[in-house]
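Content type mmCIF, C-alpha atoms, from the file data-v2.cif:
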data_query
#
loop_
_atom_site.label_atom_id
_atom_site.label_comp_id
_atom_site.auth_asym_id
_atom_site.auth_seq_id
_atom_site.Cartn_x
_atom_site.Cartn_y
_atom_site.Cartn_z
CA MET A 105 16.07 18.52 -1.67
CA ASN A 106 19.49 18.00 -0.12
CA LYS A 107 20.82 18.56 3.37
CA ASN A 108 23.55 21.21 3.40
CA LEU A 109 26.25 21.38 6.03
CA SER A 110 29.15 23.72 6.12
CA SER A 111 32.61 23.30 7.59
CA GLU A 112 35.68 25.52 7.67
CA TYR A 113 36.86 23.93 4.42
CA GLY A 114 33.65 24.34 2.45
CA GLN A 115 30.17 22.97 1.90
CA ILE A 116 28.99 19.40 2.39
CA GLN A 117 25.91 18.37 0.49
CA ILE A 118 24.07 15.23 1.43
CA HIS A 119 21.73 14.07 -1.30
CA ARG A 120 18.25 13.07 -0.16
CA LYS A 121 18.78 9.63 -1.69
CA VAL A 122 21.52 9.02 0.90
CA ILE A 123 19.11 9.99 3.68
CA PHE A 124 16.44 7.64 2.26
CA GLN A 125 18.89 4.75 2.01
CA ALA A 126 20.25 5.25 5.54
CA ALA A 127 16.72 5.48 6.96
CA GLU A 128 15.45 2.44 5.04
CA LEU A 129 18.45 0.30 5.99
CA ALA A 130 18.05 1.28 9.65
CA ALA A 131 14.34 0.44 9.52
CA LYS A 132 15.03 -2.97 7.93
CA GLU A 133 17.28 -3.90 10.86
CA VAL A 134 14.32 -3.71 13.27
CA LYS A 135 12.88 -7.11 14.11
CA GLY A 136 9.42 -7.53 12.62
CA VAL A 137 9.88 -5.31 9.58
CA LYS A 138 9.29 -7.09 6.26
CA LYS A 139 9.33 -4.31 3.67
CA VAL A 140 10.29 -0.66 3.70
CA GLY A 141 9.75 2.23 1.31
CA ALA A 142 8.65 1.69 -2.27
CA GLU A 143 8.63 -2.13 -1.81
CA CYS A 144 5.42 -1.73 0.24
CA CYS A 145 3.47 -0.43 -2.71
CA GLY A 146 4.15 -3.21 -5.22
CA LEU A 147 5.06 -2.71 -8.87
CA PHE A 148 3.14 0.54 -9.28
CA GLY A 149 4.88 1.87 -6.16
CA LYS A 150 8.31 1.11 -7.56
CA MET A 151 7.46 2.95 -10.77
CA SER A 152 5.87 5.83 -8.88
CA SER A 153 8.90 6.13 -6.61
CA LEU A 154 10.91 7.23 -9.66
CA PHE A 155 8.68 10.30 -9.73
CA ARG A 156 8.64 10.64 -5.92
CA GLU A 157 4.96 9.75 -5.77
CA ALA A 158 5.30 6.71 -3.49
CA GLY A 159 7.80 5.27 -1.04
CA THR A 160 9.92 7.16 1.47
CA LYS A 161 9.33 10.91 1.44
CA ILE A 162 11.29 13.73 2.97
CA LEU A 163 10.41 17.30 3.78
CA LEU A 164 13.30 19.57 4.57
CA ASN A 165 13.00 23.21 5.54
CA GLU A 166 16.17 25.24 5.86
CA GLY A 167 16.98 25.74 9.53
CA LYS A 168 13.95 23.75 10.67
CA GLU A 169 13.19 20.14 11.48
CA MET A 170 13.47 17.50 8.78
CA LYS A 171 10.37 15.35 8.40
CA LEU A 172 10.79 11.79 7.09
CA SER A 173 7.80 9.68 6.11
CA LEU A 174 8.51 5.94 5.96
CA PRO A 175 5.97 3.34 4.78
CA VAL A 176 6.55 -0.17 6.18
CA VAL A 177 5.07 -3.65 6.11
CA VAL A 178 5.33 -5.53 9.41
CA ASP A 179 5.16 -9.17 10.37
CA TYR A 180 1.90 -10.57 11.70
CA ASN A 181 3.52 -12.10 14.78
CA THR A 182 4.70 -8.76 16.18
CA ASN A 183 3.06 -5.82 17.86
CA ALA A 184 2.86 -3.30 15.02
CA VAL A 185 2.93 -0.24 17.26
CA GLU A 186 5.98 -1.45 19.19
CA VAL A 187 7.75 -2.11 15.90
CA ALA A 188 6.88 1.41 14.74
CA TYR A 189 8.35 2.91 17.93
CA GLU A 190 11.54 0.87 17.43
CA ILE A 191 11.80 2.06 13.83
CA GLN A 192 11.49 5.68 14.89
CA LYS A 193 14.19 5.31 17.55
CA LYS A 194 16.53 3.38 15.28
CA VAL A 195 16.20 5.70 12.30
CA THR A 196 16.65 8.79 14.47
CA ALA A 197 19.77 7.31 16.11
CA ARG A 198 21.25 6.11 12.80
CA LEU A 199 20.77 9.42 11.00
CA LEU A 200 22.31 11.27 13.94
CA GLU A 201 25.27 8.87 14.06
CA THR A 202 26.04 8.72 10.34
CA LEU A 203 24.87 12.03 8.91
CA ASN A 204 24.78 14.33 11.97
CA ILE A 205 21.09 15.00 11.42
CA ASP A 206 19.63 15.93 14.79
CA ALA A 207 16.43 17.88 14.09
CA LEU A 208 14.41 15.02 12.72
CA SER A 209 10.81 13.81 12.89
CA VAL A 210 10.13 10.26 11.64
CA ASP A 211 6.58 9.38 10.59
CA VAL A 212 6.00 5.66 10.22
CA LYS A 213 3.09 4.45 8.07
CA ILE A 214 2.13 0.82 8.56
CA LYS A 215 0.69 -0.10 5.18
CA GLU A 216 0.18 -3.81 5.62
CA ILE A 217 0.59 -6.71 8.02
CA GLU A 218 2.12 -9.74 6.37
CA GLY A 219 2.98 -13.25 7.25
CA ARG A 220 1.54 -16.42 8.82
CA MET B 195 5.90 16.33 -11.16
CA PHE B 196 2.22 17.08 -10.74
CA LEU B 197 2.54 20.32 -12.76
CA VAL B 198 4.33 18.46 -15.55
CA ALA B 199 1.57 15.83 -15.51
CA VAL B 200 -1.11 18.54 -15.69
CA CYS B 201 0.63 20.23 -18.65
CA ILE B 202 0.99 16.94 -20.52
CA TYR B 203 -2.62 16.00 -19.79
CA VAL B 204 -3.91 19.36 -21.06
CA LEU B 205 -1.66 19.23 -24.14
CA VAL B 206 -2.68 15.68 -25.05
CA SER B 207 -6.39 16.41 -24.52
CA PHE B 208 -6.15 19.55 -26.63
CA SER B 209 -4.23 17.77 -29.40
CA LEU B 210 -6.69 14.87 -29.43
CA GLY B 211 -9.66 17.23 -29.67
CA ALA B 212 -8.01 19.21 -32.48
CA LEU B 213 -7.14 15.97 -34.31
CA ILE B 214 -10.74 14.74 -34.13
CA ILE B 215 -12.04 18.07 -35.48
CA TRP B 216 -9.45 18.00 -38.28
CA LEU B 217 -10.35 14.41 -39.20
CA TYR B 218 -14.01 15.36 -39.36
CA SER B 219 -13.41 18.43 -41.54
CA ASP B 220 -10.89 16.98 -43.99
CA TYR B 221 -10.64 13.23 -43.45
CA PHE B 222 -8.61 12.01 -46.42
CA ARG B 223 -6.02 14.79 -46.39
CA ALA B 224 -5.56 14.39 -42.61
CA ILE B 225 -5.00 10.64 -42.95
CA GLN B 226 -2.55 11.22 -45.78
CA ILE B 227 -0.53 13.74 -43.77
CA ILE B 228 -0.47 11.54 -40.67
CA SER B 229 0.58 8.43 -42.59
CA SER B 230 3.33 10.30 -44.48
CA PHE B 231 4.60 11.74 -41.16
CA MET B 232 4.68 8.27 -39.64
CA GLU B 233 6.48 6.78 -42.65
CA ASN B 234 9.06 9.55 -43.06
CA TYR B 235 9.89 10.44 -39.46
CA VAL B 236 8.69 7.77 -37.04
CA LEU B 237 8.97 4.40 -38.73
CA THR B 238 12.24 5.11 -40.57
CA ASP B 239 14.22 2.80 -38.30
CA LEU B 240 13.83 0.69 -35.18
CA TYR B 241 15.19 3.29 -32.72
CA SER B 242 12.86 6.09 -33.73
CA GLY B 243 9.92 3.66 -33.47
CA ILE B 244 10.99 2.61 -29.97
CA ALA B 245 11.45 6.25 -28.91
CA PHE B 246 7.95 7.03 -30.22
CA ALA B 247 6.50 4.11 -28.26
CA TRP B 248 8.35 5.16 -25.08
CA THR B 249 6.97 8.68 -25.48
CA GLY B 250 3.48 7.21 -25.53
CA LEU B 251 4.23 5.21 -22.37
CA LEU B 252 5.51 8.29 -20.54
CA ILE B 253 2.38 10.21 -21.52
CA ILE B 254 0.22 7.43 -20.09
CA LEU B 255 2.23 7.37 -16.83
CA SER B 256 2.02 11.12 -16.40
CA CYS B 257 -1.74 11.01 -16.99
CA LEU B 258 -2.03 8.32 -14.31
CA VAL B 259 -0.07 10.55 -11.89
CA PHE B 260 -2.43 13.40 -12.68
CA VAL B 261 -5.54 11.28 -12.11
CA LYS B 262 -4.12 9.83 -8.90
CA ARG B 263 -3.31 13.28 -7.52
CA LEU B 264 -6.75 14.50 -8.60
CA PHE B 265 -8.44 11.89 -6.46
CA LYS B 266 -6.00 12.18 -3.58
CA GLY B 267 -7.97 14.97 -1.95
CA VAL B 268 -11.26 13.12 -2.45
CA ARG B 269 -10.26 9.75 -1.17
CA ARG B 270 -7.58 9.72 1.52
CA GLU B 271 -6.21 6.51 2.90
CA LYS B 272 -7.70 6.29 6.38
CA SER B 273 -5.46 5.43 9.25
CA ILE B 274 -5.16 5.47 13.02
CA ASN B 275 -2.57 8.00 14.12
CA PHE B 276 -0.39 8.24 17.24
CA GLN B 277 1.94 11.02 18.12
CA THR B 278 5.22 9.98 19.71
CA PRO B 279 8.23 12.08 20.77
CA GLU B 280 10.08 11.00 17.60
CA GLY B 281 7.19 11.65 15.20
CA MET B 282 3.88 10.25 14.01
CA VAL B 283 2.88 6.59 13.71
CA ARG B 284 0.12 5.83 11.21
CA ILE B 285 -1.52 2.43 10.95
CA SER B 286 -3.67 2.10 7.86
CA LEU B 287 -7.06 0.47 8.32
CA SER B 288 -6.25 -2.04 5.58
CA ALA B 289 -3.33 -3.29 7.71
CA ILE B 290 -5.68 -3.94 10.63
CA GLU B 291 -8.11 -5.69 8.27
CA ASP B 292 -5.26 -7.89 7.01
CA MET B 293 -4.30 -8.74 10.57
CA VAL B 294 -7.85 -9.72 11.55
CA LYS B 295 -8.20 -11.81 8.37
CA LYS B 296 -4.93 -13.66 9.02
CA MET B 297 -5.92 -14.21 12.63
CA LEU B 298 -9.20 -15.87 11.69
CA GLN B 299 -8.22 -17.65 8.48
CA GLY B 300 -6.74 -20.60 10.36
CA LYS B 301 -10.06 -21.39 12.06
CA LYS B 302 -11.81 -24.34 10.44
CA GLU B 303 -15.24 -22.91 11.35
CA PHE B 304 -14.79 -20.05 8.90
CA VAL B 305 -15.26 -20.77 5.22
CA HIS B 306 -14.90 -17.17 4.06
CA ILE B 307 -13.90 -13.95 5.94
CA LYS B 308 -14.01 -10.30 4.98
CA PRO B 309 -13.23 -7.84 7.79
CA ARG B 310 -13.93 -4.10 7.55
CA VAL B 311 -12.50 -1.56 9.99
CA LYS B 312 -13.91 1.92 10.57
CA VAL B 313 -12.71 4.69 12.84
CA ASN B 314 -15.05 7.21 14.40
CA ARG B 315 -15.00 9.58 17.38
CA LYS B 316 -15.96 6.87 19.85
CA GLY B 317 -13.26 4.45 18.76
CA ILE B 318 -12.72 1.60 16.35
CA GLU B 319 -15.46 -0.53 14.81
CA VAL B 320 -14.57 -3.91 13.31
CA LEU B 321 -17.21 -5.62 11.20
CA ILE B 322 -16.36 -9.22 10.27
CA LYS B 323 -18.46 -10.55 7.41
CA GLY B 324 -18.17 -14.20 6.73
CA ALA B 325 -19.53 -17.61 5.94
CA LEU B 326 -19.50 -20.34 8.55
CA ASN B 327 -19.45 -24.06 8.56
CA CYS B 328 -22.92 -25.09 9.76
CA GLU B 329 -21.50 -27.46 12.38
CA VAL B 330 -20.75 -24.78 14.97
CA ASN B 331 -22.34 -23.44 18.13
CA LEU B 332 -22.98 -19.90 16.96
CA ALA B 333 -23.42 -18.21 20.33
CA GLU B 334 -20.21 -19.54 21.87
CA PHE B 335 -18.19 -19.20 18.69
CA SER B 336 -19.15 -15.60 17.97
CA THR B 337 -18.50 -14.53 21.58
CA ALA B 338 -15.07 -16.16 21.49
CA ILE B 339 -14.19 -14.52 18.15
CA GLN B 340 -15.30 -11.08 19.27
CA ALA B 341 -13.30 -11.35 22.50
CA LYS B 342 -10.19 -12.57 20.66
CA VAL B 343 -10.23 -9.84 18.02
CA LYS B 344 -10.99 -7.13 20.57
CA LYS B 345 -8.14 -8.27 22.83
CA LYS B 346 -5.66 -8.36 19.94
CA ILE B 347 -6.54 -4.89 18.67
CA GLU B 348 -6.57 -3.36 22.16
CA ALA B 349 -3.15 -4.87 22.86
CA MET B 350 -1.77 -3.54 19.58
CA LEU B 351 -3.18 -0.04 19.87
CA ASN B 352 -2.59 0.28 23.64
CA GLU B 353 -6.32 0.80 24.21
CA GLN B 354 -6.64 3.99 22.22
CA GLY B 355 -10.40 4.39 22.36
CA GLU B 356 -13.17 1.82 22.45
CA VAL B 357 -12.97 -1.26 20.21
CA LYS B 358 -16.29 -2.66 19.01
CA VAL B 359 -16.34 -5.98 17.15
CA SER B 360 -19.40 -7.08 15.18
CA LEU B 361 -19.88 -10.36 13.39
CA GLU B 362 -22.13 -10.68 10.34
CA ILE B 363 -22.76 -14.19 9.09
CA LYS B 364 -23.85 -14.06 5.46
CA LYS B 365 -24.08 -17.74 4.79
CA PHE B 366 -23.81 -21.22 6.27
CA ALA B 367 -21.75 -23.54 4.13
CA PHE B 368 -22.77 -27.17 4.23
CA ALA B 369 -20.09 -29.84 4.21
CA ALA B 370 -19.93 -31.71 0.91
CA LYS B 371 -21.68 -35.05 1.08
CA LYS B 372 -19.47 -38.02 0.27
CA ASN B 373 -20.66 -40.07 -2.70
CA LEU B 374 -21.40 -43.48 -1.35
CA ILE B 375 -21.33 -46.21 -3.90
CA ASP B 376 -23.81 -48.95 -3.11
CA VAL B 377 -21.90 -52.13 -2.73
CA GLU B 378 -23.68 -55.39 -2.69
CA PRO B 379 -22.73 -57.44 0.34
CA GLU B 380 -20.88 -60.55 -0.67
CA VAL B 381 -22.42 -63.83 0.35
CA PRO B 382 -19.96 -65.60 2.68
CA TYR B 383 -18.56 -69.08 1.94
CA ARG B 384 -19.72 -68.77 -1.67
CA ASN B 385 -16.64 -69.88 -3.50
CA TYR B 386 -15.92 -73.11 -1.75
#

Output the file's structure as structure tokens, nothing else.
Amino acid sequence: MNKNLSSEYGQIQIHRKVIFQAAELAAKEVKGVKKVGAECCGLFGKMSSLFREAGTKILLNEGKEMKLSLPVVVDYNTNAVEVAYEIQKKVTARLLETLNIDALSVDVKIKEIEGR
Amino acid sequence: MFLVAVCIYVLVSFSLGALIIWLYSDYFRAIQIISSFMENYVLTDLYSGIAFAWTGLLIILSCLVFVKRLFKGVRREKSINFQTPEGMVRISLSAIEDMVKKMLQGKKEFVHIKPRVKVNRKGIEVLIKGALNCEVNLAEFSTAIQAKVKKKIEAMLNEQGEVKVSLEIKKFAFAAKKNLIDVEPEVPYRNY
């Protein structure tokens, strides 16, 4: 499921893996985030992510809003909801800045609270 | 991926059933055919053996995917959801349980803690099951714990609904008695 853009010179295809990587890297930059994506689900999650069963998921409808679902593990010493808000803002801003993706909804799933 | 897993699951189940029926009806001939197939095609060299083993592993993984998806509708991971302008925020109940456990683990009064979080229409219910050190004032301690946990969760969730904290003490753990060795008192000025 790739994002397609067109310019006067031709088509630009952005693979969903690029979108995942940009979103996960942006989420990792937020203070209080320990793990993002398939790392949250352990060994089984990493294997399942090969078959798109765990980890970051994306739903893209042509002409409509893109929906990104991002599982995270946050630090114990932070406010989990505030961290989630920061992640949403950062990922939205980063995907707009780097990939020109404007119609985007970011769902953050806090799987675990780690630390201490 | 789910459709592929279903097809593999059905194929494997069908093949296994047919194999069992075949073994029952003509045991020796079936064993002979299977062993000659294995010798001539599978175990000829190392690479074909490895490929055969990897095929088995992939079949197991696809069956696990099928089973997982089968139970997905029955048992959903429960979470507390917020809607924000940028999307949805979901906090799984296991994350809140982890947070409560880490918050209380440092307390010396607790020997063992097991929190459980439930969400209903009224709000959030936290049940903390644990074992306590017997040397504690139960009334004061439990009130303090309930207030602390409630305050933390309300601060985190921005007071989305009522938070009810219950404490269930399963056991009192007694401190281990020190083994005192009886020592005879020495008579003073004995060795002069």

Two-atom distance - CA of Lys272 in chain B, CA of Val212 in chain A (Å): 14.2 Å

What residues in chain B lie within 10 Å of chain A, counting all atoms listed in the file, written as an MDAnalysis selection string? chainID B and resid 195:196 255:256 258:259 262:263 271 273:294 296:297 299:300 346:347 349:352

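If you measure from each of A:Leu163, A:Lys138, A:Ile123, A:Ile116 to Ile205 in chain A using only C-alpha atoms, the closest one turns out to be A:Ile123.
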
Distance criterion (all atoms listed in the file): nearest to Lys316 in chain B out of B:Glu356, B:Asp220, B:Glu334, B:Glu348: B:Glu356

Any chance you could resolve the PyMOL selection byres ((chain B and resi 320-324) around 6) against this file and give the residues as a PDB file with C-alpha atoms, in the coordinates of the input?
ATOM      1  CA  HIS B 306     -14.900 -17.170   4.060  1.00  0.00           C
ATOM      2  CA  ILE B 307     -13.900 -13.950   5.940  1.00  0.00           C
ATOM      3  CA  LYS B 308     -14.010 -10.300   4.980  1.00  0.00           C
ATOM      4  CA  PRO B 309     -13.230  -7.840   7.790  1.00  0.00           C
ATOM      5  CA  ARG B 310     -13.930  -4.100   7.550  1.00  0.00           C
ATOM      6  CA  VAL B 311     -12.500  -1.560   9.990  1.00  0.00           C
ATOM      7  CA  GLU B 319     -15.460  -0.530  14.810  1.00  0.00           C
ATOM      8  CA  ALA B 325     -19.530 -17.610   5.940  1.00  0.00           C
ATOM      9  CA  VAL B 359     -16.340  -5.980  17.150  1.00  0.00           C
ATOM     10  CA  SER B 360     -19.400  -7.080  15.180  1.00  0.00           C
ATOM     11  CA  LEU B 361     -19.880 -10.360  13.390  1.00  0.00           C
ATOM     12  CA  GLU B 362     -22.130 -10.680  10.340  1.00  0.00           C
ATOM     13  CA  ILE B 363     -22.760 -14.190   9.090  1.00  0.00           C
ATOM     14  CA  LYS B 364     -23.850 -14.060   5.460  1.00  0.00           C
TER      15      LYS B 364
END

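Counting from CA of Lys365 in chain B, the distance to CA of Leu332 in chain B is 12.4 Å.
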
Apply the PyMOL selection byres ((chain A and resi 125) around 12) to the structure shown and report the selected residues as a VMD selection string. chain A and resid 118 to 124 126 to 132 140 to 142 159 to 162 172 174 195 198 to 199 202 to 203

Any idea what the distance is between CA of Cys257 in chain B and CA of Ile215 in chain B? 22.3 Å
